[in-house]
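S.K.: This is the structure, below, for whatever I ask next.
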Amino acid sequence: MRYSLLLLSLLFTGLLFGQKKIIDHTAYNGWKKNENQLVSSNGKYVSFEINPHRGDGYLYIYRVDSGKMDSIPRGKGAQFSMNSDYIAFRILPGFDTLRNCELNKVDKKKWPKDSLGIYLLASDSLIKVPLLKSFSVGEDHNLLSYIVDENVIKNDENTAKKAKKKCFLAKKEKKATPIKSDGKLLTVLDPLALRKDQFINVTDYTISRKGENLCFIRHQKEKIDSNQLFLRQFPSMDLSPISKKYTSITSLTFDHSGKNIAYLASNDTTDAKAYGLYIYSLEMKTTRSVDTSDVRIGDGNSVTENFDLLFTKDGNYLFFGVDERPEVTKKDTLLDKEKVEVDIWHYADKRLQSQQLVELKRDEKRSTLFRYRMSDDNIVKLADDTLNVRLTENLKGSYLFAASDERYALEKQWEVPGREDHYRISLVDGSVELIQEGVEFNGSLSPSGNLYSWFDGTNGQFYSKNLSSTKENCMTCSVKNVNWQTDANGMPLTPEPYGVESLGYGQCVYRCKKCLYLRV
């Protein structure tokens, strides 16, 4: 009897501990993700985040040589410095703190703000900066820049204690009228050299690639909004205005040499602002412009803020967008409840109504592509909004690759993958040349622009074409019994290729499921 009871108890215990935890909705909050993995440039440090589905996560910093792991609660969005001597990141408020603010319907302006964390790797010390709005770590320089949600430069405590007290009989100085501004406090910091520069009333800024020049917009509220561009060239302490005052300045962009800065500016006082393009030379201290009166961009047009300015690495070209000059919205005499809204769609429309609604904001920001040649101020129109141009700053030739699905937009509603036509655009005169029709998958141009390659889904092979002679060549037909396409899992569509990588100098690597094929 005793043995029977013992066996029963052992069996019951085994069943009790052998039960697996049920995976239901209550388990979701405990699930964690490993995110934002980074390796420092010297390879000695690794950082990553472990974030739960609900709650506060951790930022981890791993030292490769010693195997030591440091953790920082609520750390997010880390960036290593160029010299791998510090790592900067956001420190978020607690999950429960923000949840309580939302539950109690606290005004978002009064919610706790993020903090900036600066972890000095050599000394194993952490610096915290409250009220963070944004921060940036240089890729090719060791500076850290950040903007906080305040607009006052605080004096050093030791300096304040040493300040001499004035006699009470002395005349009181009149306080200067405080300047109203939408700007905030910008700090440019070298954490290791302990060099810190601060600027107030800043709405936007940019630092040149090597970290030698800082350019920022200073805003003041006068009778109308006043924005002016200022330049600081390190290590000089001089601060120079490099533009006149405008009602709006945006899109600050240095070229790769740091010798030119491009920006958009407008003096319109309405919300519908027509911008001009301005390029300031730090060496010549002169400004070139393309404004609304420039006939080269077309009558009734202006440079658009919806296109990100882009310099090529060699500094030869600047790409910018042009659109119709925005019109001032007339004051509506109807109340919202008196308006009738109707969505109209026709079966012959090239896009479904749902797609049109989703892509409405993108369509409103479409623009015509222009290029500016820095050597002689020559401007050429490259493409309208029907061409999707593949821009690159690593430009080596005189051509750009472009694609258009305009001819196949209707059938793309039911065909996958959709087809498109491929083009070559000349940077010299803006001429557009059709190089291939009805391509299902992405094509590419060689750096010189003389060779074009694509994948033919029907034949399942990679092809190239010499655009000078229009001679076509199958690049993979000589390789027998190899499938260059992925598995479509029984779906009624053309399988996509595994891919191709260009090694330069006419060499390409074509991928299949279990092989790599080098073709010269």
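Ligands are numbered from 1 in the order shown, chains are lettered A, B, ... in the order of the structure tokens, and residues start at 1 in each chain.
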If we count only C-alpha atoms and set the cut-off at 8 Å, which residues sit around Thr476 in chain A, ignoring sequence neighbours fewer than 5 positions away in its own chain? Please answer as a PyMOL selection string.
M.R.: chain A and resi 461-463
S.K.: Write the residues you've just listed into a file as an mmCIF file, in the first residue's frame, and include all heavy atoms for each of them.
M.R.:
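Written out: part.cif:
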```cif
data_model
loop_
_atom_site.group_PDB
_atom_site.id
_atom_site.type_symbol
_atom_site.label_atom_id
_atom_site.label_comp_id
_atom_site.auth_asym_id
_atom_site.auth_seq_id
_atom_site.Cartn_x
_atom_site.Cartn_y
_atom_site.Cartn_z
ATOM 1 N N GLN A 461 16.368 34.306 -66.500
ATOM 2 C CA GLN A 461 17.793 34.558 -66.685
ATOM 3 C C GLN A 461 18.105 36.051 -66.543
ATOM 4 O O GLN A 461 17.246 36.916 -66.755
ATOM 5 C CB GLN A 461 18.254 34.084 -68.078
ATOM 6 C CG GLN A 461 18.019 32.614 -68.358
ATOM 7 C CD GLN A 461 18.919 31.696 -67.547
ATOM 8 O OE1 GLN A 461 19.934 32.132 -66.985
ATOM 9 N NE2 GLN A 461 18.567 30.413 -67.478
ATOM 10 N N PHE A 462 19.370 36.346 -66.190
ATOM 11 C CA PHE A 462 19.860 37.720 -66.116
ATOM 12 C C PHE A 462 20.433 38.128 -67.479
ATOM 13 O O PHE A 462 21.137 37.341 -68.122
ATOM 14 C CB PHE A 462 20.952 37.855 -65.056
ATOM 15 C CG PHE A 462 20.440 37.761 -63.650
ATOM 16 C CD1 PHE A 462 20.473 36.556 -62.961
ATOM 17 C CD2 PHE A 462 19.924 38.882 -63.005
ATOM 18 C CE1 PHE A 462 20.010 36.468 -61.664
ATOM 19 C CE2 PHE A 462 19.458 38.805 -61.707
ATOM 20 C CZ PHE A 462 19.499 37.595 -61.028
ATOM 21 N N TYR A 463 20.149 39.380 -67.869
ATOM 22 C CA TYR A 463 20.618 39.890 -69.151
ATOM 23 C C TYR A 463 21.327 41.226 -68.955
ATOM 24 O O TYR A 463 21.095 41.936 -67.974
ATOM 25 C CB TYR A 463 19.449 40.078 -70.133
ATOM 26 C CG TYR A 463 18.868 38.793 -70.642
ATOM 27 C CD1 TYR A 463 17.928 38.085 -69.891
ATOM 28 C CD2 TYR A 463 19.244 38.272 -71.877
ATOM 29 C CE1 TYR A 463 17.381 36.901 -70.356
ATOM 30 C CE2 TYR A 463 18.699 37.087 -72.358
ATOM 31 C CZ TYR A 463 17.773 36.404 -71.587
ATOM 32 O OH TYR A 463 17.238 35.225 -72.052
#
```
S.K.: Which one is closest to Met374 in chain A: A:Asp323, A:Asp314, A:Asp190, A:Asp343? Count only C-alpha atoms.
M.R.: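 Using only C-alpha atoms, the shortest distance to Met374 in chain A belongs to A:Asp314.
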S.K.: With DSSP run on the backbone, what are the helix (DSSP H, G or I) residues within range 121-288 of chain A? I'd like them as a list in words.
M.R.: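 So the helix (DSSP H, G or I) residues in range 121-288 of chain A would be Glu157, Asn158, Thr159, Ala160, Lys161 and Lys162 of chain A.
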S.K.: May I have the residues within 12 Å of range 97-104 of chain A as a ChimeraX atom specification, using only C-alpha atoms and disregarding those fewer than 3 positions away in the same chain?
M.R.: /A:54-56,92-94,107-114
S.K.: Which value, in Å to one decimal, gives the distance between CA of Val389 in chain A and CA of Ala403 in chain A?
M.R.: 6.5 Å
S.K.: For Val416 in chain A, find every residue with an atom within 8 Å (counting only C-alpha atoms), except residues of its own chain fewer than 2 positions away, and show them as a ChimeraX atom specification.
M.R.: /A:412,414,418,493-494
S.K.: Keeping all heavy atoms for every residue in the selection just given, could you write it to a file as a PDB file, in the first residue's frame?
M.R.:
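Okay, this is what ended up in result_28.pdb:
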```
ATOM      1  N   LYS A 412      -1.644  46.779 -63.013  1.00  0.00           N
ATOM      2  CA  LYS A 412      -0.980  46.477 -61.739  1.00  0.00           C
ATOM      3  C   LYS A 412      -1.984  46.231 -60.619  1.00  0.00           C
ATOM      4  O   LYS A 412      -1.603  45.741 -59.550  1.00  0.00           O
ATOM      5  CB  LYS A 412      -0.039  47.616 -61.346  1.00  0.00           C
ATOM      6  CG  LYS A 412       1.270  47.634 -62.118  1.00  0.00           C
ATOM      7  CD  LYS A 412       2.205  48.727 -61.648  1.00  0.00           C
ATOM      8  CE  LYS A 412       2.782  48.414 -60.291  1.00  0.00           C
ATOM      9  NZ  LYS A 412       3.819  49.398 -59.894  1.00  0.00           N
ATOM     10  N   TRP A 414      -4.199  43.994 -60.684  1.00  0.00           N
ATOM     11  CA  TRP A 414      -4.401  42.552 -60.550  1.00  0.00           C
ATOM     12  C   TRP A 414      -3.162  41.734 -60.923  1.00  0.00           C
ATOM     13  O   TRP A 414      -3.141  40.526 -60.705  1.00  0.00           O
ATOM     14  CB  TRP A 414      -5.588  42.108 -61.418  1.00  0.00           C
ATOM     15  CG  TRP A 414      -5.415  42.366 -62.892  1.00  0.00           C
ATOM     16  CD1 TRP A 414      -4.765  41.579 -63.801  1.00  0.00           C
ATOM     17  CD2 TRP A 414      -5.897  43.500 -63.622  1.00  0.00           C
ATOM     18  NE1 TRP A 414      -4.798  42.142 -65.046  1.00  0.00           N
ATOM     19  CE2 TRP A 414      -5.513  43.317 -64.981  1.00  0.00           C
ATOM     20  CE3 TRP A 414      -6.624  44.636 -63.290  1.00  0.00           C
ATOM     21  CZ2 TRP A 414      -5.822  44.243 -65.971  1.00  0.00           C
ATOM     22  CZ3 TRP A 414      -6.935  45.542 -64.290  1.00  0.00           C
ATOM     23  CH2 TRP A 414      -6.538  45.356 -65.609  1.00  0.00           C
ATOM     24  N   GLY A 418       4.157  43.995 -60.981  1.00  0.00           N
ATOM     25  CA  GLY A 418       3.788  44.915 -62.039  1.00  0.00           C
ATOM     26  C   GLY A 418       4.969  45.241 -62.940  1.00  0.00           C
ATOM     27  O   GLY A 418       6.127  45.175 -62.534  1.00  0.00           O
ATOM     28  N   LEU A 493       2.100  33.970 -59.642  1.00  0.00           N
ATOM     29  CA  LEU A 493       2.897  35.148 -59.984  1.00  0.00           C
ATOM     30  C   LEU A 493       4.283  34.704 -60.430  1.00  0.00           C
ATOM     31  O   LEU A 493       4.714  33.576 -60.179  1.00  0.00           O
ATOM     32  CB  LEU A 493       2.991  36.108 -58.797  1.00  0.00           C
ATOM     33  CG  LEU A 493       3.456  35.573 -57.429  1.00  0.00           C
ATOM     34  CD1 LEU A 493       4.970  35.490 -57.333  1.00  0.00           C
ATOM     35  CD2 LEU A 493       2.920  36.456 -56.312  1.00  0.00           C
ATOM     36  N   THR A 494       4.974  35.613 -61.094  1.00  0.00           N
ATOM     37  CA  THR A 494       6.335  35.319 -61.549  1.00  0.00           C
ATOM     38  C   THR A 494       7.286  35.411 -60.363  1.00  0.00           C
ATOM     39  O   THR A 494       7.366  36.457 -59.710  1.00  0.00           O
ATOM     40  CB  THR A 494       6.772  36.332 -62.619  1.00  0.00           C
ATOM     41  OG1 THR A 494       5.836  36.327 -63.688  1.00  0.00           O
ATOM     42  CG2 THR A 494       8.151  35.981 -63.145  1.00  0.00           C
TER      43      THR A 494
END
```
S.K.: If we count only C-alpha atoms, what is near Arg296 in chain A at a cut-off of 12 Å, once residues fewer than 4 positions away on the same chain are taken out, given as a compact mmCIF listing (two decimals) with N, CA, C and O atoms, in the first residue's frame?
M.R.:
```txt
# COMPACT_ATOMS: atom_id res chain seq x y z
N SER A 289 21.54 82.02 -56.44
CA SER A 289 20.13 81.77 -56.15
C SER A 289 19.37 81.32 -57.38
O SER A 289 19.74 81.62 -58.52
N VAL A 290 18.28 80.58 -57.12
CA VAL A 290 17.28 80.21 -58.13
C VAL A 290 15.93 80.53 -57.49
O VAL A 290 15.44 79.77 -56.65
N ASP A 291 15.33 81.65 -57.84
CA ASP A 291 14.08 82.05 -57.20
C ASP A 291 12.91 81.95 -58.17
O ASP A 291 13.05 81.44 -59.29
N THR A 292 11.75 82.44 -57.74
CA THR A 292 10.53 82.28 -58.53
C THR A 292 10.57 83.07 -59.84
O THR A 292 9.80 82.79 -60.75
N GLY A 300 5.57 80.47 -63.41
CA GLY A 300 4.58 80.07 -62.42
C GLY A 300 5.03 78.97 -61.49
O GLY A 300 4.23 78.44 -60.72
N ASN A 301 6.32 78.62 -61.54
CA ASN A 301 6.85 77.56 -60.69
C ASN A 301 7.75 78.14 -59.60
O ASN A 301 8.19 79.29 -59.66
N SER A 302 8.04 77.29 -58.62
CA SER A 302 8.98 77.66 -57.55
C SER A 302 9.65 76.40 -57.05
O SER A 302 9.16 75.28 -57.26
N VAL A 303 10.77 76.56 -56.38
CA VAL A 303 11.46 75.42 -55.76
C VAL A 303 10.58 74.91 -54.61
O VAL A 303 10.02 75.70 -53.84
N VAL A 322 11.08 71.06 -58.20
CA VAL A 322 10.31 72.23 -58.61
C VAL A 322 8.85 71.83 -58.75
O VAL A 322 8.53 70.72 -59.21
N PHE A 370 15.14 68.71 -61.00
CA PHE A 370 16.10 69.55 -61.71
C PHE A 370 17.50 69.28 -61.15
O PHE A 370 17.64 68.83 -60.01
N ARG A 371 18.50 69.60 -61.95
CA ARG A 371 19.87 69.54 -61.45
C ARG A 371 20.56 70.88 -61.69
O ARG A 371 20.33 71.57 -62.68
N TYR A 372 21.41 71.24 -60.72
CA TYR A 372 22.18 72.49 -60.77
C TYR A 372 23.65 72.13 -60.87
O TYR A 372 24.18 71.39 -60.03
N ASP A 377 26.69 77.20 -63.00
CA ASP A 377 25.32 77.60 -62.65
C ASP A 377 24.29 77.13 -63.67
O ASP A 377 23.17 77.67 -63.72
N ASN A 378 24.61 76.13 -64.45
CA ASN A 378 23.68 75.61 -65.46
C ASN A 378 22.59 74.79 -64.79
O ASN A 378 22.85 73.97 -63.90
N ILE A 379 21.33 75.01 -65.22
CA ILE A 379 20.18 74.30 -64.67
C ILE A 379 19.49 73.53 -65.78
O ILE A 379 19.24 74.08 -66.86
N VAL A 380 19.17 72.25 -65.51
CA VAL A 380 18.50 71.41 -66.50
C VAL A 380 17.40 70.61 -65.82
O VAL A 380 17.59 70.08 -64.72
N LYS A 381 16.25 70.54 -66.49
CA LYS A 381 15.16 69.68 -66.02
C LYS A 381 15.47 68.24 -66.38
O LYS A 381 15.81 67.94 -67.54
```
S.K.: Skip Lys33 in chain A itself and residues of its chain fewer than 2 positions away, then list as a PyMOL selection string all residues within 10 Å of it, counting only C-alpha atoms.
M.R.: chain A and resi 31+35-36+49-53+57
S.K.: Could you pull the residues within 12 Å of Met284 in chain A, counting only C-alpha atoms, minus those fewer than 4 positions along the same chain, as JSON, numbers by chain?
M.R.: {"A": [242, 259, 260, 279, 280, 288]}
S.K.: May I ask which of the residues A:Asn213, A:Ser446, A:Ser469, A:Asn83 is the closest one to Lys44 in chain A, counting only C-alpha atoms?
M.R.: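 Selected residue with least distance to Lys44 in chain A: A:Asn83.
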S.K.: Where does range 55-174 of chain A meet range 198-206 of chain A within 8 Å, residue by residue, with the nearest atom pair and distance in Å to one decimal for each, counting only C-alpha atoms, listed by chain and rising number, as a Markdown table?
M.R.:
```
| residue | atom | partner | partner_atom | distance |
| --- | --- | --- | --- | --- |
| A:Asn151 | CA | A:Ile200 | CA | 5.6 |
| A:Val152 | CA | A:Ile200 | CA | 6.7 |
| A:Ile153 | CA | A:Gln198 | CA | 7.1 |
```
S.K.: Atoms to include: all heavy atoms. Write the selected residues as an mmCIF file, in the first residue's frame.
M.R.:
```
data_model
loop_
_atom_site.group_PDB
_atom_site.id
_atom_site.type_symbol
_atom_site.label_atom_id
_atom_site.label_comp_id
_atom_site.auth_asym_id
_atom_site.auth_seq_id
_atom_site.Cartn_x
_atom_site.Cartn_y
_atom_site.Cartn_z
ATOM 1 N N ASN A 151 15.280 77.523 -23.688
ATOM 2 C CA ASN A 151 15.928 78.495 -24.574
ATOM 3 C C ASN A 151 16.787 79.471 -23.782
ATOM 4 O O ASN A 151 16.828 80.661 -24.091
ATOM 5 C CB ASN A 151 14.863 79.239 -25.390
ATOM 6 C CG ASN A 151 15.450 79.921 -26.610
ATOM 7 O OD1 ASN A 151 16.499 79.514 -27.123
ATOM 8 N ND2 ASN A 151 14.802 80.974 -27.068
ATOM 9 N N VAL A 152 17.469 78.947 -22.768
ATOM 10 C CA VAL A 152 18.305 79.791 -21.911
ATOM 11 C C VAL A 152 19.656 79.116 -21.720
ATOM 12 O O VAL A 152 19.719 77.911 -21.445
ATOM 13 C CB VAL A 152 17.640 80.026 -20.543
ATOM 14 C CG1 VAL A 152 18.550 80.837 -19.637
ATOM 15 C CG2 VAL A 152 16.300 80.722 -20.713
ATOM 16 N N ILE A 153 20.734 79.889 -21.854
ATOM 17 C CA ILE A 153 22.069 79.384 -21.549
ATOM 18 C C ILE A 153 22.319 79.608 -20.063
ATOM 19 O O ILE A 153 22.357 80.747 -19.593
ATOM 20 C CB ILE A 153 23.149 80.100 -22.390
ATOM 21 C CG1 ILE A 153 22.899 79.839 -23.880
ATOM 22 C CG2 ILE A 153 24.535 79.626 -22.001
ATOM 23 C CD1 ILE A 153 23.864 80.568 -24.792
#
```
S.K.: Between A:Lys68, A:Lys465, A:Lys32, A:Arg351, which has the minimum distance to Ser47 in chain A (counting only C-alpha atoms)?
M.R.: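 Nearest candidate to Ser47 in chain A out of A:Lys68, A:Lys465, A:Lys32, A:Arg351: A:Lys68.
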S.K.: Taking only range 401-488 of chain A into account, list the residues labelled strand (DSSP E or B) by DSSP (computed from the backbone), as an MDAnalysis selection string.
M.R.: chainID A and resid 401:404 420:426 432:439 444:445 451:456 461:466 471:474 485
S.K.: Could you state the separation of CA of Ser40 in chain A and CA of Leu192 in chain A in Å, given to one decimal place?
M.R.: 16.6 Å
S.K.: Between A:Leu264, A:Met69, A:Ala27, A:Ala78, which one has atoms that come closest to Leu229 in chain A, using only C-alpha atoms?
M.R.: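 Looking at the shortest contact to Leu229 in chain A, the residue is A:Leu264.
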